[in-house]
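Data from my_file.pdb: PDB, C-alpha atoms and all ligand atoms
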```
MODEL        1
ATOM      1  CA  MET A   1      47.070  -6.287  30.907
ATOM      2  CA  LYS A   2      46.512  -9.973  31.494
ATOM      3  CA  LEU A   3      43.096  -9.397  33.053
ATOM      4  CA  LEU A   4      41.774  -7.869  29.852
ATOM      5  CA  SER A   5      43.632 -10.055  27.361
ATOM      6  CA  ARG A   6      42.076 -12.882  25.394
ATOM      7  CA  GLY A   7      41.579 -15.915  27.586
ATOM      8  CA  SER A   8      40.244 -14.029  30.591
ATOM      9  CA  ARG A   9      36.551 -13.969  31.450
ATOM     10  CA  LEU A  10      36.670 -10.203  31.619
ATOM     11  CA  TYR A  11      37.678 -10.088  27.955
ATOM     12  CA  SER A  12      34.631 -12.133  26.984
ATOM     13  CA  ILE A  13      32.334 -10.004  29.169
ATOM     14  CA  LEU A  14      33.583  -6.595  28.065
ATOM     15  CA  HIS A  15      33.708  -7.516  24.366
ATOM     16  CA  PHE A  16      30.436  -9.492  24.446
ATOM     17  CA  ARG A  17      32.231 -12.467  22.886
ATOM     18  CA  CYS A  18      31.622 -16.196  23.160
ATOM     19  CA  PRO A  19      33.066 -17.371  26.517
ATOM     20  CA  ARG A  20      34.559 -20.522  24.978
ATOM     21  CA  CYS A  21      36.469 -19.243  21.923
ATOM     22  CA  GLN A  22      36.157 -15.479  22.593
ATOM     23  CA  LYS A  23      35.853 -14.861  18.850
ATOM     24  CA  GLY A  24      32.167 -15.290  18.003
ATOM     25  CA  LYS A  25      29.740 -12.513  18.888
ATOM     26  CA  VAL A  26      26.972 -13.293  21.364
ATOM     27  CA  PHE A  27      24.561 -10.494  20.425
ATOM     28  CA  GLN A  28      23.304  -9.846  16.910
ATOM     29  CA  GLU A  29      23.325  -6.057  17.264
ATOM     30  CA  PRO A  30      26.664  -4.618  18.457
ATOM     31  CA  ASN A  31      25.021  -1.497  19.899
ATOM     32  CA  PRO A  32      23.013  -2.337  23.065
ATOM     33  CA  TYR A  33      20.994   0.879  22.699
ATOM     34  CA  VAL A  34      19.198  -0.240  19.528
ATOM     35  CA  ILE A  35      16.186  -1.088  21.681
ATOM     36  CA  SER A  36      14.264  -3.088  19.061
ATOM     37  CA  ARG A  37      17.173  -5.518  18.724
ATOM     38  CA  MET A  38      18.431  -5.332  22.296
ATOM     39  CA  PHE A  39      17.413  -8.898  23.195
ATOM     40  CA  LYS A  40      18.511 -10.576  19.950
ATOM     41  CA  MET A  41      21.255 -13.117  20.565
ATOM     42  CA  HIS A  42      22.859 -15.565  18.202
ATOM     43  CA  GLU A  43      21.716 -19.107  18.941
ATOM     44  CA  THR A  44      25.194 -20.571  18.561
ATOM     45  CA  CYS A  45      28.706 -19.180  18.282
ATOM     46  CA  SER A  46      29.679 -18.543  14.668
ATOM     47  CA  HIS A  47      33.258 -19.606  15.396
ATOM     48  CA  CYS A  48      33.158 -22.633  17.746
ATOM     49  CA  GLY A  49      29.491 -23.612  17.588
ATOM     50  CA  LEU A  50      28.756 -23.271  21.311
ATOM     51  CA  ARG A  51      25.018 -23.198  21.963
ATOM     52  CA  TYR A  52      24.583 -20.123  24.173
ATOM     53  CA  GLU A  53      21.370 -21.219  25.869
ATOM     54  CA  LEU A  54      22.910 -24.160  27.697
ATOM     55  CA  GLU A  55      19.524 -25.444  28.843
ATOM     56  CA  PRO A  56      15.919 -24.239  28.526
ATOM     57  CA  SER A  57      15.362 -20.955  30.401
ATOM     58  CA  PHE A  58      19.093 -20.760  31.075
ATOM     59  CA  PHE A  59      19.162 -16.972  31.065
ATOM     60  CA  TYR A  60      16.600 -16.572  33.878
ATOM     61  CA  GLY A  61      19.559 -16.913  36.213
ATOM     62  CA  SER A  62      21.116 -13.807  34.733
ATOM     63  CA  MET A  63      18.481 -11.770  36.577
ATOM     64  CA  TYR A  64      20.492 -12.272  39.764
ATOM     65  CA  VAL A  65      23.581 -10.965  38.011
ATOM     66  CA  SER A  66      21.570  -8.041  36.670
ATOM     67  CA  TYR A  67      20.453  -7.234  40.215
ATOM     68  CA  ALA A  68      24.058  -7.339  41.437
ATOM     69  CA  TYR A  69      25.211  -4.997  38.646
ATOM     70  CA  SER A  70      22.337  -2.605  39.366
ATOM     71  CA  VAL A  71      23.193  -2.453  43.065
ATOM     72  CA  ALA A  72      26.864  -1.899  42.208
ATOM     73  CA  PHE A  73      25.977   0.996  39.886
ATOM     74  CA  PHE A  74      23.623   2.440  42.531
ATOM     75  CA  VAL A  75      26.264   2.306  45.241
ATOM     76  CA  ALA A  76      28.847   3.835  42.922
ATOM     77  CA  THR A  77      26.433   6.629  41.992
ATOM     78  CA  TYR A  78      25.598   7.359  45.613
ATOM     79  CA  VAL A  79      29.244   7.372  46.679
ATOM     80  CA  LEU A  80      30.154   9.652  43.778
ATOM     81  CA  MET A  81      27.319  12.043  44.609
ATOM     82  CA  SER A  82      28.289  12.054  48.288
ATOM     83  CA  LEU A  83      31.866  12.944  47.404
ATOM     84  CA  ILE A  84      30.700  15.976  45.416
ATOM     85  CA  TYR A  85      27.993  17.308  47.758
ATOM     86  CA  ASP A  86      25.514  16.231  50.450
ATOM     87  CA  PRO A  87      22.607  14.902  48.343
ATOM     88  CA  GLY A  88      19.038  14.907  49.643
ATOM     89  CA  ILE A  89      16.907  11.774  49.384
ATOM     90  CA  TRP A  90      15.128  12.998  46.216
ATOM     91  CA  ASP A  91      18.409  13.846  44.533
ATOM     92  CA  VAL A  92      19.463  10.251  45.119
ATOM     93  CA  VAL A  93      16.137   8.743  44.020
ATOM     94  CA  ILE A  94      16.072  10.777  40.794
ATOM     95  CA  ALA A  95      19.728  10.076  40.041
ATOM     96  CA  LEU A  96      19.199   6.331  40.539
ATOM     97  CA  ALA A  97      16.079   6.324  38.350
ATOM     98  CA  VAL A  98      17.971   8.096  35.558
ATOM     99  CA  ILE A  99      20.973   5.766  35.944
ATOM    100  CA  LEU A 100      18.712   2.710  35.833
ATOM    101  CA  LEU A 101      16.901   3.986  32.750
ATOM    102  CA  LEU A 102      20.124   4.792  30.913
ATOM    103  CA  LEU A 103      22.020   1.642  31.860
ATOM    104  CA  THR A 104      19.282  -0.992  31.501
ATOM    105  CA  PRO A 105      20.325  -2.159  27.997
ATOM    106  CA  LEU A 106      23.954  -2.343  29.044
ATOM    107  CA  ILE A 107      23.203  -4.113  32.348
ATOM    108  CA  PHE A 108      20.965  -6.582  30.513
ATOM    109  CA  ARG A 109      23.788  -7.600  28.213
ATOM    110  CA  LEU A 110      26.471  -7.586  30.893
ATOM    111  CA  ALA A 111      24.285  -9.830  33.062
ATOM    112  CA  ARG A 112      23.717 -12.363  30.295
ATOM    113  CA  ILE A 113      27.332 -12.576  29.198
ATOM    114  CA  THR A 114      28.530 -12.726  32.828
ATOM    115  CA  TRP A 115      26.041 -15.506  33.590
ATOM    116  CA  LEU A 116      27.256 -17.423  30.545
ATOM    117  CA  ASN A 117      30.845 -16.988  31.713
ATOM    118  CA  PHE A 118      29.990 -18.618  35.064
ATOM    119  CA  PHE A 119      29.301 -21.887  33.246
ATOM    120  CA  VAL A 120      31.542 -21.905  30.172
ATOM    121  CA  LYS A 121      35.333 -21.853  30.388
ATOM    122  CA  TYR A 122      37.744 -20.486  27.814
ATOM    123  CA  ASN A 123      38.745 -23.373  25.579
ATOM    124  CA  PRO A 124      39.677 -22.139  22.096
ATOM    125  CA  ASP A 125      40.284 -25.637  20.695
ATOM    126  CA  LYS A 126      36.869 -27.048  21.555
ATOM    127  CA  ARG A 127      34.187 -27.273  18.854
ATOM    128  CA  GLY A 128      30.539 -28.269  18.968
ATOM    129  CA  PRO A 129      27.217 -27.273  20.471
ATOM    130  CA  ARG A 130      27.725 -28.145  24.153
ATOM    131  CA  ALA A 131      29.898 -26.644  26.846
ATOM    132  CA  LYS A 132      30.998 -29.947  28.368
TER
HETATM  133 ZN    ZN B   1      32.721 -19.573  20.359
ENDMDL
END
```
Mind turning this structure into structure tokens?
Ligand SMILES: [Zn+2]
Amino acid sequence: MKLLSRGSRLYSILHFRCPRCQKGKVFQEPNPYVISRMFKMHETCSHCGLRYELEPSFFYGSMYVSYAYSVAFFVATYVLMSLIYDPGIWDVVIALAVILLLLTPLIFRLARITWLNFFVKYNPDKRGPRAK
């Protein structure tokens, strides 16, 4: 599948790899559910040297992406529940709270790597600290 092959943004996002070379890892801990190391990112790509924080406070913008992912998961959960039975309001609220609790580490990482992919293009030949 071309969409998931190296060179596509989706590859970088789903494998948590550097958006520029797609070889270096972005997060220090491969498992997002190791909560104590959940936020730890490499400063630069070990392969191409891209500095992940493109500017100070760069990752604040990923909160918008995180919100979008959360809403998408909520809608998917609600639709799935509605297909199975007619859920009451508290069924939905509890299901969404559980989903949010379980998926927060994953959504956090997806949001950051997606945000990074908005600004950095795949360019396997480029080396150095900056995206441009
Ligand atoms: Zn890289």
- Best match for closeness to Leu110 in chain A among A:Ala95, A:Met81, A:Val65, A:Val34, counting only C-alpha atoms: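 Looking only at the distances to Leu110 in chain A, the closest residue turns out to be A:Val65.
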- Which residues form the shell of 6 Å around ligand ZN 1 (chain B) when you count only C-alpha atoms and all ligand atoms, given as a ChimeraX atom specification? /A:18,20-24,45,47-50
Go ahead and save the picked residues with C-alpha atoms, as a PDB file, keeping the file's coordinate frame.
```pdb
ATOM      1  CA  CYS A  18      31.622 -16.196  23.160  1.00  0.00           C
ATOM      2  CA  ARG A  20      34.559 -20.522  24.978  1.00  0.00           C
ATOM      3  CA  CYS A  21      36.469 -19.243  21.923  1.00  0.00           C
ATOM      4  CA  GLN A  22      36.157 -15.479  22.593  1.00  0.00           C
ATOM      5  CA  LYS A  23      35.853 -14.861  18.850  1.00  0.00           C
ATOM      6  CA  GLY A  24      32.167 -15.290  18.003  1.00  0.00           C
ATOM      7  CA  CYS A  45      28.706 -19.180  18.282  1.00  0.00           C
ATOM      8  CA  HIS A  47      33.258 -19.606  15.396  1.00  0.00           C
ATOM      9  CA  CYS A  48      33.158 -22.633  17.746  1.00  0.00           C
ATOM     10  CA  GLY A  49      29.491 -23.612  17.588  1.00  0.00           C
ATOM     11  CA  LEU A  50      28.756 -23.271  21.311  1.00  0.00           C
TER      12      LEU A  50
END
```
- Counting only C-alpha atoms, figure out which residue out of A:Ile13, A:Tyr69, A:His42, A:Tyr60 gets nearest to Phe27 in chain A. A:His42
- Message: If the PyMOL selection byres (((chain A and resi 122-124) around 7) and not hetatm) were run on this exact file, what residues would it hold? Put them as a list in words.
- Response: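 On this input, the PyMOL selection byres (((chain A and resi 122-124) around 7) and not hetatm) captures Gly7, Pro19, Arg20, Cys21, Val120, Lys121, Asp125 and Lys126 of chain A.
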- Which residues match the PyMOL selection byres (((chain A and resi 73-79) around 12) and not hetatm) in the file above, as JSON, numbers by chain? {"A": [66, 67, 68, 69, 70, 71, 72, 80, 81, 82, 83, 84, 85, 86, 87, 88, 89, 90, 91, 92, 93, 94, 95, 96, 97, 98, 99, 100, 101, 102, 103, 104, 106, 107]}
- Query: So which residues are close to (25.1, -10.1, 28.3), meaning at most 10 Å away in the file's coordinates with all atoms listed in the file counted, and can you show them as a list in words?
  - Reply: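 Residues satisfying the cut-off, written out: Ser12, Ile13, Leu14, His15, Phe16, Arg17, Val26, Phe27, Pro32, Phe39, Met41, Phe59, Ser62, Val65, Ser66, Pro105, Leu106, Ile107, Phe108, Arg109, Leu110, Ala111, Arg112, Ile113, Thr114, Trp115, Leu116 and Asn117 of chain A.
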Around all listed atoms of range 21-33 of chain A, padded 8 Å per side, what centre and edge lengths does the axis-aligned box have in Å to one decimal, as AutoDock Vina command-line options?
```
--center_x 28.7 --center_y -9.2 --center_z 20.0 --size_x 31.5 --size_y 36.1 --size_z 22.2
```
- Coordinates-based distance that separates CA of Pro56 in chain A from CA of Thr44 in chain A (Å, one decimal):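 Separation of CA of Thr44 in chain A and CA of Pro56 in chain A: 14.1 Å.
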- Task: May I ask for the distance between CA of Lys40 in chain A and CA of Glu53 in chain A, given in Å to one decimal place?
- Result: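 Rounded to one decimal, the two atoms are 12.5 Å apart.
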- Query: To one decimal place, how far is CA of Pro129 in chain A from CA of Gln28 in chain A in Å?
  - Reply: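 Calculated distance between CA of Pro129 in chain A and CA of Gln28 in chain A is 18.2 Å.
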Using the atoms already present, construct all heavy atoms for range 89-100 of chain A and hand them back as a short mmCIF file (atom, residue, chain, number, x, y, z; two decimals), in the coordinates of the input.
```cif
data_model
loop_
_atom_site.label_atom_id
_atom_site.label_comp_id
_atom_site.auth_asym_id
_atom_site.auth_seq_id
_atom_site.Cartn_x
_atom_site.Cartn_y
_atom_site.Cartn_z
N ILE A 89 17.45 13.08 49.78
CA ILE A 89 16.91 11.77 49.38
C ILE A 89 16.35 11.81 47.96
O ILE A 89 16.52 10.86 47.19
CB ILE A 89 15.84 11.28 50.41
CG1 ILE A 89 15.35 9.88 50.04
CG2 ILE A 89 14.65 12.22 50.48
CD1 ILE A 89 16.33 8.78 50.34
N TRP A 90 15.71 12.93 47.56
CA TRP A 90 15.13 13.00 46.22
C TRP A 90 16.19 13.15 45.14
O TRP A 90 16.00 12.68 44.02
CB TRP A 90 14.06 14.09 46.12
CG TRP A 90 12.81 13.62 46.81
CD1 TRP A 90 12.32 14.04 48.01
CD2 TRP A 90 11.95 12.55 46.39
NE1 TRP A 90 11.20 13.32 48.36
CE2 TRP A 90 10.95 12.40 47.38
CE3 TRP A 90 11.93 11.71 45.28
CZ2 TRP A 90 9.95 11.44 47.27
CZ3 TRP A 90 10.92 10.76 45.18
CH2 TRP A 90 9.94 10.63 46.17
N ASP A 91 17.28 13.79 45.48
CA ASP A 91 18.41 13.85 44.53
C ASP A 91 18.87 12.43 44.22
O ASP A 91 19.12 12.07 43.07
CB ASP A 91 19.59 14.62 45.13
CG ASP A 91 19.28 16.09 45.33
OD1 ASP A 91 18.25 16.55 44.79
OD2 ASP A 91 20.06 16.77 46.02
N VAL A 92 18.98 11.63 45.29
CA VAL A 92 19.46 10.25 45.12
C VAL A 92 18.46 9.42 44.33
O VAL A 92 18.82 8.71 43.39
CB VAL A 92 19.75 9.60 46.50
CG1 VAL A 92 20.14 8.14 46.34
CG2 VAL A 92 20.83 10.37 47.23
N VAL A 93 17.18 9.54 44.70
CA VAL A 93 16.14 8.74 44.02
C VAL A 93 16.10 9.08 42.53
O VAL A 93 16.07 8.18 41.68
CB VAL A 93 14.75 8.99 44.66
CG1 VAL A 93 13.63 8.41 43.80
CG2 VAL A 93 14.72 8.39 46.06
N ILE A 94 16.13 10.36 42.20
CA ILE A 94 16.07 10.78 40.79
C ILE A 94 17.33 10.33 40.05
O ILE A 94 17.25 9.80 38.94
CB ILE A 94 15.84 12.30 40.69
CG1 ILE A 94 14.42 12.63 41.16
CG2 ILE A 94 16.08 12.79 39.26
CD1 ILE A 94 14.14 14.08 41.39
N ALA A 95 18.47 10.50 40.68
CA ALA A 95 19.73 10.08 40.04
C ALA A 95 19.71 8.58 39.76
O ALA A 95 20.10 8.13 38.68
CB ALA A 95 20.92 10.44 40.92
N LEU A 96 19.23 7.78 40.72
CA LEU A 96 19.20 6.33 40.54
C LEU A 96 18.21 5.93 39.45
O LEU A 96 18.48 5.02 38.67
CB LEU A 96 18.87 5.62 41.85
CG LEU A 96 19.91 5.76 42.97
CD1 LEU A 96 19.52 4.92 44.17
CD2 LEU A 96 21.29 5.40 42.49
N ALA A 97 17.07 6.62 39.39
CA ALA A 97 16.08 6.32 38.35
C ALA A 97 16.67 6.61 36.97
O ALA A 97 16.51 5.81 36.04
CB ALA A 97 14.81 7.14 38.58
N VAL A 98 17.36 7.73 36.84
CA VAL A 98 17.97 8.10 35.56
C VAL A 98 19.06 7.09 35.19
O VAL A 98 19.13 6.61 34.05
CB VAL A 98 18.54 9.54 35.61
CG1 VAL A 98 19.38 9.83 34.39
CG2 VAL A 98 17.39 10.54 35.72
N ILE A 99 19.89 6.74 36.17
CA ILE A 99 20.97 5.77 35.94
C ILE A 99 20.39 4.43 35.49
O ILE A 99 20.85 3.83 34.52
CB ILE A 99 21.81 5.56 37.25
CG1 ILE A 99 22.62 6.80 37.56
CG2 ILE A 99 22.69 4.33 37.15
CD1 ILE A 99 23.81 7.03 36.68
N LEU A 100 19.34 3.99 36.17
CA LEU A 100 18.71 2.71 35.83
C LEU A 100 18.15 2.74 34.42
O LEU A 100 18.34 1.82 33.63
CB LEU A 100 17.61 2.38 36.83
CG LEU A 100 16.97 1.00 36.66
CD1 LEU A 100 18.00 -0.08 36.94
CD2 LEU A 100 15.78 0.83 37.56
#
```
